[in-house]
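Data file: input_5.cif. Format and content: mmCIF, C-alpha atoms and all ligand atoms.
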```
data_run
#
loop_
_atom_site.label_atom_id
_atom_site.label_comp_id
_atom_site.auth_asym_id
_atom_site.auth_seq_id
_atom_site.Cartn_x
_atom_site.Cartn_y
_atom_site.Cartn_z
CA MET G 1 80.51 109.44 103.21
CA ASP G 2 81.02 109.61 99.44
CA ARG G 3 81.59 106.61 97.21
CA GLU G 4 85.37 106.96 96.97
CA LYS G 5 85.71 107.23 100.78
CA LYS G 6 83.59 104.11 101.22
CA LEU G 7 85.67 102.15 98.69
CA ASN G 8 88.91 103.25 100.37
CA LEU G 9 87.55 102.25 103.78
CA PHE G 10 86.56 98.82 102.40
CA ARG G 11 90.07 98.38 100.92
CA GLU G 12 91.71 99.47 104.16
CA ILE G 13 89.91 96.85 106.25
CA GLY G 14 90.33 94.16 103.57
CA ALA G 15 86.61 93.88 102.81
CA LEU G 16 87.25 94.88 99.19
CA GLN G 17 90.08 93.20 97.32
CA GLU G 18 91.03 93.67 93.68
CA GLY G 19 92.90 90.99 91.76
CA HIS G 20 91.98 87.53 90.47
CA PHE G 21 89.64 85.46 92.62
CA LEU G 22 87.98 82.07 92.53
CA LEU G 23 84.41 82.54 93.79
CA SER G 24 82.43 79.84 95.55
CA SER G 25 80.26 79.65 92.40
CA GLY G 26 83.34 78.45 90.45
CA LEU G 27 83.47 81.67 88.44
CA HIS G 28 86.54 83.91 88.36
CA SER G 29 86.30 87.59 89.29
CA ASN G 30 88.45 90.72 89.45
CA ILE G 31 86.81 91.80 92.72
CA TYR G 32 86.25 90.12 96.06
CA PHE G 33 83.98 91.70 98.64
CA GLN G 34 83.35 90.33 102.16
CA CYS G 35 80.71 92.40 103.98
CA ALA G 36 81.33 90.60 107.30
CA LEU G 37 84.67 92.41 107.48
CA VAL G 38 82.78 95.71 107.47
CA LEU G 39 80.15 94.57 109.96
CA GLN G 40 82.79 93.23 112.41
CA TYR G 41 83.10 96.86 113.52
CA PRO G 42 79.76 97.79 115.15
CA ASP G 43 80.38 101.50 114.56
CA LEU G 44 80.68 100.83 110.82
CA ALA G 45 77.54 98.67 110.94
CA THR G 46 75.73 101.64 112.49
CA LEU G 47 77.20 104.09 109.97
CA PHE G 48 76.03 102.11 106.93
CA CYS G 49 72.74 100.94 108.42
CA GLN G 50 71.93 104.56 109.29
CA GLU G 51 71.89 105.32 105.56
CA ILE G 52 69.37 102.53 105.00
CA ALA G 53 67.36 103.68 108.03
CA ASN G 54 67.33 107.28 106.75
CA TYR G 55 66.06 106.20 103.36
CA PHE G 56 63.17 104.19 104.84
CA SER G 57 62.45 106.39 107.86
CA ASN G 58 59.24 107.81 106.37
CA PHE G 59 57.96 104.48 105.07
CA ASP G 60 55.09 102.86 106.90
CA PHE G 61 56.16 99.42 108.19
CA GLU G 62 56.34 97.42 111.44
CA THR G 63 58.98 94.78 110.88
CA VAL G 64 62.41 94.20 109.37
CA ILE G 65 63.14 90.74 107.97
CA SER G 66 66.53 89.50 106.76
CA PRO G 67 68.00 86.25 105.46
CA ALA G 68 70.59 84.53 107.68
CA LEU G 69 73.45 84.74 108.07
CA GLY G 70 74.72 87.86 106.36
CA GLY G 71 71.55 89.88 106.60
CA ILE G 72 70.91 89.47 110.32
CA ILE G 73 73.31 92.17 111.56
CA VAL G 74 71.99 94.65 109.00
CA GLY G 75 68.35 93.85 109.81
CA GLN G 76 68.95 94.07 113.55
CA GLU G 77 70.75 97.40 113.28
CA VAL G 78 68.24 99.02 110.91
CA ALA G 79 65.40 97.84 113.18
CA ARG G 80 67.18 99.22 116.24
CA LEU G 81 67.67 102.62 114.58
CA LEU G 82 64.02 102.80 113.45
CA ARG G 83 62.59 101.06 116.54
CA LYS G 84 60.99 98.21 114.61
CA ARG G 85 60.74 94.48 115.21
CA SER G 86 63.52 92.39 113.62
CA ILE G 87 63.20 88.77 112.49
CA PHE G 88 65.21 86.54 110.17
CA THR G 89 64.78 83.63 107.79
CA GLU G 90 67.24 80.77 107.55
CA ARG G 91 68.02 77.88 105.28
CA THR G 92 67.09 74.40 106.42
CA ASP G 93 67.86 71.61 103.94
CA SER G 94 68.57 74.36 101.39
CA LYS G 95 65.01 75.73 101.72
CA MET G 96 64.54 79.24 103.15
CA THR G 97 62.18 79.16 106.14
CA LEU G 98 60.89 81.24 109.02
CA ARG G 99 61.64 79.31 112.21
CA ARG G 100 62.04 79.90 115.96
CA GLY G 101 58.42 80.92 116.37
CA PHE G 102 58.82 84.03 114.22
CA LYS G 103 55.49 85.01 112.70
CA LEU G 104 54.18 87.59 110.26
CA ASN G 105 50.60 88.76 110.38
CA GLN G 106 48.15 89.25 107.54
CA GLY G 107 48.73 92.74 106.12
CA GLU G 108 51.88 93.38 108.19
CA ARG G 109 54.23 95.76 106.41
CA VAL G 110 57.80 94.52 106.15
CA LEU G 111 61.20 95.88 105.09
CA ILE G 112 63.76 93.34 103.83
CA CYS G 113 67.39 94.03 104.81
CA GLU G 114 70.50 92.36 103.40
CA ASP G 115 74.25 92.83 103.50
CA VAL G 116 74.83 92.21 99.79
CA VAL G 117 72.39 91.70 96.92
CA THR G 118 74.00 89.89 93.99
CA THR G 119 71.59 87.55 92.20
CA ALA G 120 68.77 88.39 94.63
CA ARG G 121 68.17 84.67 95.08
CA SER G 122 67.79 84.95 98.86
CA THR G 123 65.80 88.19 98.50
CA LYS G 124 63.28 86.43 96.26
CA GLU G 125 62.98 83.58 98.76
CA VAL G 126 62.31 86.07 101.57
CA ILE G 127 59.69 87.86 99.43
CA GLU G 128 57.95 84.51 98.92
CA ILE G 129 57.90 83.82 102.68
CA VAL G 130 56.52 87.30 103.42
CA GLU G 131 53.83 87.06 100.75
CA ASN G 132 52.84 83.52 101.73
CA SER G 133 52.19 84.89 105.23
CA GLY G 134 49.86 87.51 103.77
CA ALA G 135 52.29 90.28 104.74
CA ILE G 136 53.50 93.02 102.40
CA VAL G 137 57.08 93.88 101.36
CA ILE G 138 57.49 97.67 101.32
CA GLY G 139 61.18 97.85 100.39
CA LEU G 140 64.63 96.32 100.25
CA GLY G 141 67.67 97.87 101.93
CA SER G 142 71.19 96.57 101.43
CA ILE G 143 74.69 97.73 102.31
CA VAL G 144 76.02 96.72 98.89
CA ASP G 145 74.36 96.32 95.50
CA ARG G 146 76.36 93.86 93.42
CA THR G 147 73.66 93.08 90.89
CA ILE G 148 74.92 92.70 87.35
CA GLU G 149 71.61 93.36 85.62
CA LYS G 150 68.90 95.58 87.01
CA ILE G 151 66.36 93.53 88.97
CA ASN G 152 62.82 94.83 88.90
CA PHE G 153 61.24 94.67 92.33
CA ASN G 154 57.69 95.89 93.04
CA PHE G 155 59.08 98.16 95.78
CA PRO G 156 62.03 100.54 96.28
CA PHE G 157 65.53 99.05 96.51
CA PHE G 158 68.10 101.18 98.34
CA SER G 159 71.77 100.33 98.75
CA THR G 160 74.53 102.41 100.33
CA ILE G 161 76.94 101.60 97.47
CA LYS G 162 77.02 99.79 94.14
CA ILE G 163 80.10 97.67 93.52
CA SER G 164 80.27 96.14 90.08
CA ALA G 165 82.53 93.19 89.48
CA GLU G 166 83.44 91.40 86.31
CA THR G 167 82.95 87.65 86.53
CA PHE G 168 84.24 85.12 84.01
CA TYR G 169 83.86 81.44 83.23
CA PRO G 170 87.30 79.90 83.88
CA GLU G 171 87.67 78.84 80.22
CA ILE G 172 87.44 82.41 78.96
CA CYS G 173 88.93 84.28 81.94
CA PRO G 174 91.24 87.08 80.69
CA LEU G 175 93.00 87.17 84.09
CA CYS G 176 93.95 83.50 83.67
CA ARG G 177 95.23 84.31 80.19
CA GLN G 178 97.51 86.97 81.72
CA ASN G 179 98.84 84.29 84.13
CA ILE G 180 97.77 86.28 87.18
CA PRO G 181 97.79 83.88 90.14
CA ILE G 182 94.27 83.11 91.37
CA ILE G 183 93.28 83.49 95.01
CA LYS G 184 90.53 81.58 96.75
CA PRO G 185 89.27 84.10 99.33
CA GLY G 186 88.74 83.00 102.86
CA SER G 187 90.94 79.92 102.49
CA ARG G 188 94.16 79.43 104.40
CA LYS G 189 97.44 79.77 102.59
ZN ZN G 201 90.71 83.41 85.95
#
```
Using structure tokens, write down the structure from this file.
Amino acid sequence: MDREKKLNLFREIGALQEGHFLLSSGLHSNIYFQCALVLQYPDLATLFCQEIANYFSNFDFETVISPALGGIIVGQEVARLLRKRSIFTERTDSKMTLRRGFKLNQGERVLICEDVVTTARSTKEVIEIVENSGAIVIGLGSIVDRTIEKINFNFPFFSTIKISAETFYPEICPLCRQNIPIIKPGSRK
């Protein structure tokens, strides 16, 4: 599927909205993207995860790891397609941890999977967990790349699409200046 087809599909299912949005960070943006609305359709999850799986199919690794909550579906699906083990990290008291008896072995080769990479905050936390276990990150696969500046990882980063958004501090937001009503996504009217 080419980029334009993907964007149209995202618009059609409401995953991608264009306008004037208040993000949870407090910043304003011209784009809102909710990956869960793509992944609610298992066939679409398979379609996009297959692209990640294809990219990493010749890489040598045993395990897929993903940060909860958003990454879990992607990690599970990529692992299913490539017949790997799939585990996830989760936040407890705001600290990312590996719980539920999940373990990584010394030297184990691991692929990180995410739904969306924006600031790569959660990615970096997962890298730390993997490396503290003595395991090795071999790559990062994501449905969407929303990074603003290029992030230098020590391994390949593959995403199925890059969606750039403009974000603004409220005081200098040009959309506010044009009196475009602001929408808080996910909230009830
Ligand atoms: Zn604004």
Legend entry - Straight-line distance linking atom CA of Glu90 of chain G with atom CA of Lys150 of chain G, stated in Å to one decimal: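 Pair atom CA of Glu90 of chain G / atom CA of Lys150 of chain G returns 25.4 Å.
Shortest atom-to-atom contact with ligand ZN 201 (chain G) among G:Ser159, G:Ser24, G:Ser29, G:Thr97: G:Ser29, counting all atoms listed in the file.
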Legend entry - Using all atoms listed in the file: which of G:Phe59, G:Ile87, G:Thr118, G:Asn105 has the shortest distance to Ile138 of chain G: G:Phe59
Can I get the residues of chain G within 6 Å of ligand ZN 201 (chain G), each with the closest pair of atoms and their distance in Å to one decimal, using all atoms listed in the file, sorted chain first then ascending number, as JSON lines?
```
{"residue": "G:His28", "atom": "CA", "partner": "G:ZN201", "partner_atom": "ZN", "distance": 4.8}
{"residue": "G:Pro170", "atom": "CA", "partner": "G:ZN201", "partner_atom": "ZN", "distance": 5.3}
{"residue": "G:Cys173", "atom": "CA", "partner": "G:ZN201", "partner_atom": "ZN", "distance": 4.5}
{"residue": "G:Leu175", "atom": "CA", "partner": "G:ZN201", "partner_atom": "ZN", "distance": 4.8}
{"residue": "G:Cys176", "atom": "CA", "partner": "G:ZN201", "partner_atom": "ZN", "distance": 4.0}
```
Emit the selected residues as an mmCIF file, in the coordinates of the input, including C-alpha atoms.
```cif
data_model
loop_
_atom_site.group_PDB
_atom_site.id
_atom_site.type_symbol
_atom_site.label_atom_id
_atom_site.label_comp_id
_atom_site.auth_asym_id
_atom_site.auth_seq_id
_atom_site.Cartn_x
_atom_site.Cartn_y
_atom_site.Cartn_z
ATOM 1 C CA HIS G 28 86.540 83.910 88.360
ATOM 2 C CA PRO G 170 87.300 79.900 83.880
ATOM 3 C CA CYS G 173 88.930 84.280 81.940
ATOM 4 C CA LEU G 175 93.000 87.170 84.090
ATOM 5 C CA CYS G 176 93.950 83.500 83.670
#
```
Inset, instruction - Can you pull out every residue within 9 Å of segment 33-35 of chain G, counting all atoms listed in the file, but drop anything in the same chain fewer than 3 positions away, and send it as JSON, numbers by chain? - result: {"G": [10, 14, 15, 16, 17, 18, 38, 39, 40, 70, 115, 116, 143, 144, 163]}
Inset, instruction - Kindly give the distance, in Å, that separates atom CA of Ala68 of chain G and atom CA of Leu7 of chain G, rounded to a single decimal. - result: 24.9 Å
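Nearest to Ala36 of chain G of all the residues G:Asp2, G:Pro156, G:Ile180, G:Gly186 is G:Gly186, based on only C-alpha atoms.
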Inset, instruction - Name the closest residue to Ser86 of chain G among the candidates G:Glu125, G:Glu108, G:Glu4, G:Glu62; distances are taken between atoms, counting all atoms listed in the file. - result: G:Glu62
Legend entry - Two-atom distance - atom CA of Gly75 of chain G, atom CA of Ile13 of chain G (Å):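 Atom-to-atom, atom CA of Gly75 of chain G and atom CA of Ile13 of chain G are spaced 22.1 Å apart.
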Legend entry - Long-range neighbours of Pro185 of chain G as a ChimeraX atom specification, 8 Å cut-off, only C-alpha atoms, 5 positions minimum in chain: /G:21-23,32
Would you put the residues from that selection into a file with C-alpha atoms, as a PDB file, in the frame of the given file?
```pdb
ATOM      1  CA  PHE G  21      89.640  85.460  92.620  1.00  0.00           C
ATOM      2  CA  LEU G  22      87.980  82.070  92.530  1.00  0.00           C
ATOM      3  CA  LEU G  23      84.410  82.540  93.790  1.00  0.00           C
ATOM      4  CA  TYR G  32      86.250  90.120  96.060  1.00  0.00           C
TER       5      TYR G  32
END
```
Inset, instruction - Have a look at G:Arg177, G:Ile129, G:Phe48, G:Arg121 and name the one nearest to Lys103 of chain G; count all atoms listed in the file. - result: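 Of G:Arg177, G:Ile129, G:Phe48, G:Arg121, the one nearest Lys103 of chain G, counting all atoms listed in the file, is G:Ile129.
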Inset, instruction - Quick one: everything within 9 Å of Arg109 of chain G, counting all atoms listed in the file, minus sequence neighbours fewer than 2 positions away in the same chain. Send it as an MDAnalysis selection string. - result: chainID G and resid 60:64 105:107 111 135:138
Legend entry - Contact residues around Ala45 of chain G with all atoms listed in the file at 12 Å, ignoring same-chain residues under 2 positions, as an MDAnalysis selection string: chainID G and resid 35:43 47:53 71:78 80:81 115 142:143 160
